[in-house]
Amino acid sequence: MAPGAVARRVERSDAEALDQKDTLAPYRSQFPGAETGAIYLDGNSLGRPSESVVDGLAAALRDWSENLVGGWSRWMDLPAAVGDRIGRLIGAGPGQVVVCDSTTVNLYKLASAALAARGDRPVIVADADDFPTDRYVLQGLAEESGRELRLLHGSSTDGLDTGAVESAIDTDTALVCLSHVNFRSGARLDLLAITAAAHRHGALVLWDLCHSAGALPVGLDEAQADLAVGCTYKYLNAGPGSPAFAYVRRDLQASLRQPVWGWFGQREQFAMGPTYDPEAGMARFLTGTPPVLGLLAVDAAAKTIESAGIAALWAKSERLTALLVDLVADRLEPLGATLASPRDPDRRGAHVSVAHPLAWPWCHALVERALVVGDFRPPDVIRLGPAPLYTRFVNVFDAVERMAEVLEGGVEEAGGHPRVT
């Protein structure tokens, strides 16, 4: 923009023009309900079910009903087979990802294994503003092992500075554990640079990909990342409570031993041997019986993501979030709201956050009036996650207009929050 020029206000016709050029538009019809009801901008918390998931679960129920225990001949290897499909979405070659357990359990398993492998190093580096489960797991491991948990403080909007993270890592560091994209602000870290910095000091890095997987390119193999975990119910659309995934770089697998010794990680599993002898490869990071229905839902959902392509999804996400940022400036900042995500697109993930002193009653009113579904995160943030497979650009425009109209009409401080916000 030329010096002194005034930015042109974003019009609905601009969003309509973007929709006309959207190559992912045909996928929207695969998500029942996407065209009705409130505008859904909470795909960063729980994705919509696609027809492929609904049909896949129906087929799985028929299989179970008709074949009963005979189905196990097909189900036993699902954690690794579905893991390879997830691997392709996060830039990991075959044999390095398994789908199992929850993000919290996988984080514990991999962090514990990493700390055991760096037993003489007394420091864990993490983000003070990271998702609670990550901080809680690391607090417990630090207390258990007598280590220092070095929590880094960054900007509530822009997240941690890469240089500050690099400066916090030294030869005392056993493990660096960070989220690629911050759950609250959407601030994105430089996975490549931080991984390289940790490796220069001999530390291992564990990445939480919950807000990256299925939304943006990750490139674990390219970065020579050590470890990663993530969920499958956000941008991967596999359903509430669907199993998480764990990644361990191939050359680390034989030297790491996770703490939950279960029979699915045992070599010659059905020999039922008297002592634990872990598998040589990625299977050693499994524990108990896999959740078959959940795994089949992950597989069906991931096929749709794979069909669309991560590059195309990310390209649309960048345009959706850029539109959101412009609309926040146009319509919401004059009403007292502020952008709570990085303005720089190179520092942003696939969701945008808006701060306001009355964020909770504002968010509550939008949901209760069936206008816009986002979610609230304390102390004062509404998160907006426009999932590119089923969100139109006019959805984003209309959502911000509705948000502005509610603020203009006035919102009042509400009482206590419900358990889920």
# chains A, B, ... in the order shown; residues from 1 in each chain; ligands from 1
$ closest_atom_pairs --of "segment 284-345 of chain A" --to "segment 393-416 of chain A" --cutoff "7 Å" --atoms "only C-alpha atoms" --output "Markdown table"
| residue | atom | partner | partner_atom | distance |
| --- | --- | --- | --- | --- |
| A:Leu320 | CA | A:Phe393 | CA | 6.4 |
| A:Leu324 | CA | A:Val396 | CA | 6.6 |
| A:Leu327 | CA | A:Val400 | CA | 6.8 |
| A:Arg331 | CA | A:Ala404 | CA | 6.3 |
| A:Leu332 | CA | A:Ala404 | CA | 5.9 |
$ residues_around --residues "segment 346-354 of chain A" --least-positions-apart "2" --cutoff "10 Å" --atoms "only C-alpha atoms" --output "PyMOL selection string"
chain A and resi 41-44+157-159+180-190+211-212+215-216+235+313-314+316-322+324-325+328+332-333+337-344+356+359+374-377+380-388
$ atom_distance --atom1 "atom CA of Ala60 of chain A" --atom2 "atom CA of Pro291 of chain A"
11.9 Å
$ select_by_dssp --residues "segment 73-258 of chain A" --states "alpha helix (DSSP H)" --output "PyMOL selection string"
chain A and resi 73-75+78-89+103-117+132-145+162-168+191-200+220-223
$ atom_distance --atom1 "atom CA of Ala174 of chain A" --atom2 "atom CA of Ala228 of chain A"
15.6 Å
$ closest_residue --among "A:Ser45, A:Ser167, A:Gly336, A:Ser73" --to "Thr421 of chain A" --atoms "only C-alpha atoms"
A:Ser45
$ select_by_dssp --residues "segment 224-291 of chain A" --states "strand (DSSP E)" --output "PyMOL selection string"
chain A and resi 227-230+245-248
$ write_last_selection --atoms "N, CA, C and O atoms" --output "mmCIF file, in the first residue's frame"
data_model
loop_
_atom_site.group_PDB
_atom_site.id
_atom_site.type_symbol
_atom_site.label_atom_id
_atom_site.label_comp_id
_atom_site.auth_asym_id
_atom_site.auth_seq_id
_atom_site.Cartn_x
_atom_site.Cartn_y
_atom_site.Cartn_z
ATOM 1 N N LEU A 227 10.592 -36.611 17.950
ATOM 2 C CA LEU A 227 9.366 -37.171 18.495
ATOM 3 C C LEU A 227 8.211 -36.212 18.244
ATOM 4 O O LEU A 227 8.407 -34.994 18.193
ATOM 5 N N ALA A 228 7.009 -36.761 18.129
ATOM 6 C CA ALA A 228 5.826 -35.907 17.974
ATOM 7 C C ALA A 228 4.590 -36.671 18.399
ATOM 8 O O ALA A 228 4.543 -37.912 18.328
ATOM 9 N N VAL A 229 3.597 -35.918 18.844
ATOM 10 C CA VAL A 229 2.282 -36.474 19.185
ATOM 11 C C VAL A 229 1.221 -35.537 18.618
ATOM 12 O O VAL A 229 1.508 -34.398 18.245
ATOM 13 N N GLY A 230 -0.005 -36.017 18.547
ATOM 14 C CA GLY A 230 -1.094 -35.157 18.115
ATOM 15 C C GLY A 230 -2.419 -35.883 18.171
ATOM 16 O O GLY A 230 -2.467 -37.113 18.271
ATOM 17 N N PHE A 245 -1.990 -39.920 17.854
ATOM 18 C CA PHE A 245 -0.872 -40.568 17.170
ATOM 19 C C PHE A 245 0.442 -40.215 17.854
ATOM 20 O O PHE A 245 0.554 -39.219 18.577
ATOM 21 N N ALA A 246 1.429 -41.064 17.606
ATOM 22 C CA ALA A 246 2.777 -40.848 18.127
ATOM 23 C C ALA A 246 3.777 -41.101 17.009
ATOM 24 O O ALA A 246 3.633 -42.060 16.245
ATOM 25 N N TYR A 247 4.778 -40.237 16.918
ATOM 26 C CA TYR A 247 5.843 -40.349 15.917
ATOM 27 C C TYR A 247 7.177 -40.476 16.631
ATOM 28 O O TYR A 247 7.469 -39.719 17.570
ATOM 29 N N VAL A 248 7.993 -41.425 16.207
ATOM 30 C CA VAL A 248 9.373 -41.551 16.672
ATOM 31 C C VAL A 248 10.249 -41.751 15.445
ATOM 32 O O VAL A 248 10.002 -42.679 14.653
#
$ closest_residue --among "A:Val165, A:Leu192, A:Leu46, A:Leu24" --to "Val218 of chain A" --atoms "only C-alpha atoms"
A:Leu192
$ residues_around --residues "Val99 of chain A" --least-positions-apart "4" --cutoff "7 Å" --atoms "only C-alpha atoms" --output "PyMOL selection string"
chain A and resi 79-80+82-83+243-246
$ write_last_selection --atoms "N, CA and C atoms" --output "PDB file, in the first residue's frame"
ATOM      1  N   PRO A  79      -3.126 -49.936  14.052  1.00  0.00           N
ATOM      2  CA  PRO A  79      -2.349 -48.807  14.589  1.00  0.00           C
ATOM      3  C   PRO A  79      -1.194 -48.384  13.682  1.00  0.00           C
ATOM      4  N   ALA A  80      -0.509 -49.368  13.088  1.00  0.00           N
ATOM      5  CA  ALA A  80       0.615 -49.044  12.205  1.00  0.00           C
ATOM      6  C   ALA A  80       0.137 -48.625  10.817  1.00  0.00           C
ATOM      7  N   VAL A  82      -2.814 -47.289   9.865  1.00  0.00           N
ATOM      8  CA  VAL A  82      -3.394 -45.948   9.920  1.00  0.00           C
ATOM      9  C   VAL A  82      -2.315 -44.927  10.266  1.00  0.00           C
ATOM     10  N   GLY A  83      -1.342 -45.343  11.078  1.00  0.00           N
ATOM     11  CA  GLY A  83      -0.226 -44.462  11.401  1.00  0.00           C
ATOM     12  C   GLY A  83       0.552 -44.033  10.169  1.00  0.00           C
ATOM     13  N   PRO A 243      -8.634 -41.767  18.612  1.00  0.00           N
ATOM     14  CA  PRO A 243      -7.281 -41.991  19.134  1.00  0.00           C
ATOM     15  C   PRO A 243      -6.261 -41.043  18.541  1.00  0.00           C
ATOM     16  N   ALA A 244      -5.222 -40.792  19.321  1.00  0.00           N
ATOM     17  CA  ALA A 244      -4.151 -39.878  18.942  1.00  0.00           C
ATOM     18  C   ALA A 244      -3.060 -40.629  18.180  1.00  0.00           C
ATOM     19  N   PHE A 245      -1.990 -39.920  17.854  1.00  0.00           N
ATOM     20  CA  PHE A 245      -0.872 -40.568  17.170  1.00  0.00           C
ATOM     21  C   PHE A 245       0.442 -40.215  17.854  1.00  0.00           C
ATOM     22  N   ALA A 246       1.429 -41.064  17.606  1.00  0.00           N
ATOM     23  CA  ALA A 246       2.777 -40.848  18.127  1.00  0.00           C
ATOM     24  C   ALA A 246       3.777 -41.101  17.009  1.00  0.00           C
TER      25      ALA A 246
END
$ closest_residue --among "A:Ala225, A:Ala142, A:Ala213, A:Ala271" --to "Leu252 of chain A" --atoms "only C-alpha atoms"
A:Ala225
$ closest_residue --among "A:Arg121, A:Gly154, A:Leu107, A:Asp22" --to "Gly140 of chain A" --atoms "only C-alpha atoms"
A:Leu107
$ atom_distance --atom1 "atom CA of Arg284 of chain A" --atom2 "atom CA of Asp134 of chain A"
22.2 Å
$ decode --residues "segment 15-48 of chain A" --atoms "N, CA, C and O atoms" --output "PDB file, in the first residue's frame"
ATOM      1  N   ALA A  15     -15.383 -11.792  -0.505  1.00  0.00           N
ATOM      2  CA  ALA A  15     -15.461 -13.183  -0.048  1.00  0.00           C
ATOM      3  C   ALA A  15     -16.106 -14.068  -1.106  1.00  0.00           C
ATOM      4  O   ALA A  15     -15.682 -15.207  -1.341  1.00  0.00           O
ATOM      5  N   GLU A  16     -17.132 -13.536  -1.756  1.00  0.00           N
ATOM      6  CA  GLU A  16     -17.805 -14.305  -2.816  1.00  0.00           C
ATOM      7  C   GLU A  16     -16.835 -14.604  -3.961  1.00  0.00           C
ATOM      8  O   GLU A  16     -16.841 -15.700  -4.536  1.00  0.00           O
ATOM      9  N   ALA A  17     -15.982 -13.640  -4.278  1.00  0.00           N
ATOM     10  CA  ALA A  17     -15.005 -13.843  -5.351  1.00  0.00           C
ATOM     11  C   ALA A  17     -13.999 -14.925  -4.977  1.00  0.00           C
ATOM     12  O   ALA A  17     -13.600 -15.741  -5.825  1.00  0.00           O
ATOM     13  N   LEU A  18     -13.600 -14.960  -3.714  1.00  0.00           N
ATOM     14  CA  LEU A  18     -12.687 -16.011  -3.258  1.00  0.00           C
ATOM     15  C   LEU A  18     -13.358 -17.381  -3.326  1.00  0.00           C
ATOM     16  O   LEU A  18     -12.720 -18.377  -3.698  1.00  0.00           O
ATOM     17  N   ASP A  19     -14.639 -17.428  -3.000  1.00  0.00           N
ATOM     18  CA  ASP A  19     -15.363 -18.699  -3.102  1.00  0.00           C
ATOM     19  C   ASP A  19     -15.434 -19.191  -4.542  1.00  0.00           C
ATOM     20  O   ASP A  19     -15.383 -20.406  -4.803  1.00  0.00           O
ATOM     21  N   GLN A  20     -15.560 -18.276  -5.479  1.00  0.00           N
ATOM     22  CA  GLN A  20     -15.636 -18.662  -6.890  1.00  0.00           C
ATOM     23  C   GLN A  20     -14.351 -19.336  -7.359  1.00  0.00           C
ATOM     24  O   GLN A  20     -14.375 -20.180  -8.262  1.00  0.00           O
ATOM     25  N   LYS A  21     -13.240 -19.001  -6.748  1.00  0.00           N
ATOM     26  CA  LYS A  21     -11.944 -19.555  -7.154  1.00  0.00           C
ATOM     27  C   LYS A  21     -11.488 -20.713  -6.264  1.00  0.00           C
ATOM     28  O   LYS A  21     -10.374 -21.207  -6.428  1.00  0.00           O
ATOM     29  N   ASP A  22     -12.331 -21.144  -5.334  1.00  0.00           N
ATOM     30  CA  ASP A  22     -11.942 -22.154  -4.345  1.00  0.00           C
ATOM     31  C   ASP A  22     -11.952 -23.550  -4.953  1.00  0.00           C
ATOM     32  O   ASP A  22     -13.010 -24.119  -5.222  1.00  0.00           O
ATOM     33  N   THR A  23     -10.789 -24.144  -5.136  1.00  0.00           N
ATOM     34  CA  THR A  23     -10.701 -25.485  -5.714  1.00  0.00           C
ATOM     35  C   THR A  23     -11.146 -26.580  -4.746  1.00  0.00           C
ATOM     36  O   THR A  23     -11.393 -27.711  -5.167  1.00  0.00           O
ATOM     37  N   LEU A  24     -11.246 -26.247  -3.456  1.00  0.00           N
ATOM     38  CA  LEU A  24     -11.693 -27.231  -2.469  1.00  0.00           C
ATOM     39  C   LEU A  24     -13.200 -27.190  -2.245  1.00  0.00           C
ATOM     40  O   LEU A  24     -13.727 -27.982  -1.456  1.00  0.00           O
ATOM     41  N   ALA A  25     -13.904 -26.311  -2.933  1.00  0.00           N
ATOM     42  CA  ALA A  25     -15.347 -26.157  -2.718  1.00  0.00           C
ATOM     43  C   ALA A  25     -16.131 -27.464  -2.850  1.00  0.00           C
ATOM     44  O   ALA A  25     -17.072 -27.693  -2.077  1.00  0.00           O
ATOM     45  N   PRO A  26     -15.795 -28.366  -3.781  1.00  0.00           N
ATOM     46  CA  PRO A  26     -16.578 -29.606  -3.891  1.00  0.00           C
ATOM     47  C   PRO A  26     -16.566 -30.472  -2.638  1.00  0.00           C
ATOM     48  O   PRO A  26     -17.486 -31.267  -2.436  1.00  0.00           O
ATOM     49  N   TYR A  27     -15.559 -30.337  -1.795  1.00  0.00           N
ATOM     50  CA  TYR A  27     -15.494 -31.172  -0.586  1.00  0.00           C
ATOM     51  C   TYR A  27     -16.572 -30.792   0.429  1.00  0.00           C
ATOM     52  O   TYR A  27     -16.944 -31.602   1.277  1.00  0.00           O
ATOM     53  N   ARG A  28     -17.068 -29.582   0.357  1.00  0.00           N
ATOM     54  CA  ARG A  28     -18.052 -29.128   1.346  1.00  0.00           C
ATOM     55  C   ARG A  28     -19.290 -30.027   1.360  1.00  0.00           C
ATOM     56  O   ARG A  28     -19.855 -30.305   2.428  1.00  0.00           O
ATOM     57  N   SER A  29     -19.677 -30.521   0.194  1.00  0.00           N
ATOM     58  CA  SER A  29     -20.872 -31.370   0.123  1.00  0.00           C
ATOM     59  C   SER A  29     -20.678 -32.707   0.826  1.00  0.00           C
ATOM     60  O   SER A  29     -21.652 -33.425   1.075  1.00  0.00           O
ATOM     61  N   GLN A  30     -19.440 -33.065   1.145  1.00  0.00           N
ATOM     62  CA  GLN A  30     -19.161 -34.324   1.826  1.00  0.00           C
ATOM     63  C   GLN A  30     -19.329 -34.227   3.344  1.00  0.00           C
ATOM     64  O   GLN A  30     -19.117 -35.219   4.059  1.00  0.00           O
ATOM     65  N   PHE A  31     -19.698 -33.039   3.826  1.00  0.00           N
ATOM     66  CA  PHE A  31     -19.838 -32.824   5.267  1.00  0.00           C
ATOM     67  C   PHE A  31     -21.282 -32.456   5.582  1.00  0.00           C
ATOM     68  O   PHE A  31     -21.674 -31.293   5.446  1.00  0.00           O
ATOM     69  N   PRO A  32     -22.091 -33.439   6.000  1.00  0.00           N
ATOM     70  CA  PRO A  32     -23.506 -33.172   6.274  1.00  0.00           C
ATOM     71  C   PRO A  32     -23.681 -32.050   7.301  1.00  0.00           C
ATOM     72  O   PRO A  32     -22.973 -31.990   8.303  1.00  0.00           O
ATOM     73  N   GLY A  33     -24.613 -31.153   7.030  1.00  0.00           N
ATOM     74  CA  GLY A  33     -24.921 -30.076   7.969  1.00  0.00           C
ATOM     75  C   GLY A  33     -24.099 -28.830   7.775  1.00  0.00           C
ATOM     76  O   GLY A  33     -24.344 -27.814   8.445  1.00  0.00           O
ATOM     77  N   ALA A  34     -23.119 -28.856   6.866  1.00  0.00           N
ATOM     78  CA  ALA A  34     -22.252 -27.692   6.706  1.00  0.00           C
ATOM     79  C   ALA A  34     -22.990 -26.476   6.159  1.00  0.00           C
ATOM     80  O   ALA A  34     -22.545 -25.343   6.329  1.00  0.00           O
ATOM     81  N   GLU A  35     -24.122 -26.707   5.513  1.00  0.00           N
ATOM     82  CA  GLU A  35     -24.864 -25.604   4.897  1.00  0.00           C
ATOM     83  C   GLU A  35     -25.999 -25.075   5.776  1.00  0.00           C
ATOM     84  O   GLU A  35     -26.709 -24.156   5.379  1.00  0.00           O
ATOM     85  N   THR A  36     -26.202 -25.668   6.946  1.00  0.00           N
ATOM     86  CA  THR A  36     -27.343 -25.273   7.779  1.00  0.00           C
ATOM     87  C   THR A  36     -26.883 -24.835   9.167  1.00  0.00           C
ATOM     88  O   THR A  36     -25.775 -25.155   9.601  1.00  0.00           O
ATOM     89  N   GLY A  37     -27.755 -24.139   9.864  1.00  0.00           N
ATOM     90  CA  GLY A  37     -27.514 -23.772  11.250  1.00  0.00           C
ATOM     91  C   GLY A  37     -26.511 -22.654  11.421  1.00  0.00           C
ATOM     92  O   GLY A  37     -26.200 -21.896  10.490  1.00  0.00           O
ATOM     93  N   ALA A  38     -25.987 -22.550  12.635  1.00  0.00           N
ATOM     94  CA  ALA A  38     -24.997 -21.516  12.946  1.00  0.00           C
ATOM     95  C   ALA A  38     -23.739 -21.723  12.097  1.00  0.00           C
ATOM     96  O   ALA A  38     -23.438 -22.834  11.657  1.00  0.00           O
ATOM     97  N   ILE A  39     -23.015 -20.646  11.870  1.00  0.00           N
ATOM     98  CA  ILE A  39     -21.741 -20.745  11.151  1.00  0.00           C
ATOM     99  C   ILE A  39     -20.731 -21.395  12.082  1.00  0.00           C
ATOM    100  O   ILE A  39     -20.458 -20.896  13.173  1.00  0.00           O
ATOM    101  N   TYR A  40     -20.195 -22.516  11.634  1.00  0.00           N
ATOM    102  CA  TYR A  40     -19.311 -23.317  12.497  1.00  0.00           C
ATOM    103  C   TYR A  40     -17.858 -22.933  12.244  1.00  0.00           C
ATOM    104  O   TYR A  40     -17.301 -23.215  11.176  1.00  0.00           O
ATOM    105  N   LEU A  41     -17.249 -22.280  13.234  1.00  0.00           N
ATOM    106  CA  LEU A  41     -15.845 -21.894  13.154  1.00  0.00           C
ATOM    107  C   LEU A  41     -15.084 -22.484  14.335  1.00  0.00           C
ATOM    108  O   LEU A  41     -14.277 -21.818  14.984  1.00  0.00           O
ATOM    109  N   ASP A  42     -15.372 -23.748  14.613  1.00  0.00           N
ATOM    110  CA  ASP A  42     -14.710 -24.423  15.731  1.00  0.00           C
ATOM    111  C   ASP A  42     -14.035 -25.712  15.278  1.00  0.00           C
ATOM    112  O   ASP A  42     -13.869 -26.650  16.046  1.00  0.00           O
ATOM    113  N   GLY A  43     -13.631 -25.740  13.995  1.00  0.00           N
ATOM    114  CA  GLY A  43     -12.959 -26.923  13.469  1.00  0.00           C
ATOM    115  C   GLY A  43     -11.608 -27.170  14.096  1.00  0.00           C
ATOM    116  O   GLY A  43     -11.069 -28.269  14.003  1.00  0.00           O
ATOM    117  N   ASN A  44     -11.034 -26.154  14.751  1.00  0.00           N
ATOM    118  CA  ASN A  44      -9.773 -26.323  15.470  1.00  0.00           C
ATOM    119  C   ASN A  44      -9.975 -27.005  16.813  1.00  0.00           C
ATOM    120  O   ASN A  44      -8.995 -27.357  17.484  1.00  0.00           O
ATOM    121  N   SER A  45     -11.218 -27.223  17.211  1.00  0.00           N
ATOM    122  CA  SER A  45     -11.521 -27.903  18.471  1.00  0.00           C
ATOM    123  C   SER A  45     -12.134 -29.274  18.216  1.00  0.00           C
ATOM    124  O   SER A  45     -11.710 -30.271  18.803  1.00  0.00           O
ATOM    125  N   LEU A  46     -13.134 -29.324  17.336  1.00  0.00           N
ATOM    126  CA  LEU A  46     -13.743 -30.591  16.935  1.00  0.00           C
ATOM    127  C   LEU A  46     -14.230 -30.464  15.506  1.00  0.00           C
ATOM    128  O   LEU A  46     -15.114 -29.649  15.213  1.00  0.00           O
ATOM    129  N   GLY A  47     -13.638 -31.241  14.614  1.00  0.00           N
ATOM    130  CA  GLY A  47     -14.010 -31.176  13.206  1.00  0.00           C
ATOM    131  C   GLY A  47     -15.353 -31.822  12.930  1.00  0.00           C
ATOM    132  O   GLY A  47     -15.850 -32.647  13.706  1.00  0.00           O
ATOM    133  N   ARG A  48     -15.946 -31.435  11.810  1.00  0.00           N
ATOM    134  CA  ARG A  48     -17.201 -32.046  11.369  1.00  0.00           C
ATOM    135  C   ARG A  48     -16.948 -33.464  10.852  1.00  0.00           C
ATOM    136  O   ARG A  48     -15.892 -33.746  10.280  1.00  0.00           O
TER     137      ARG A  48
END
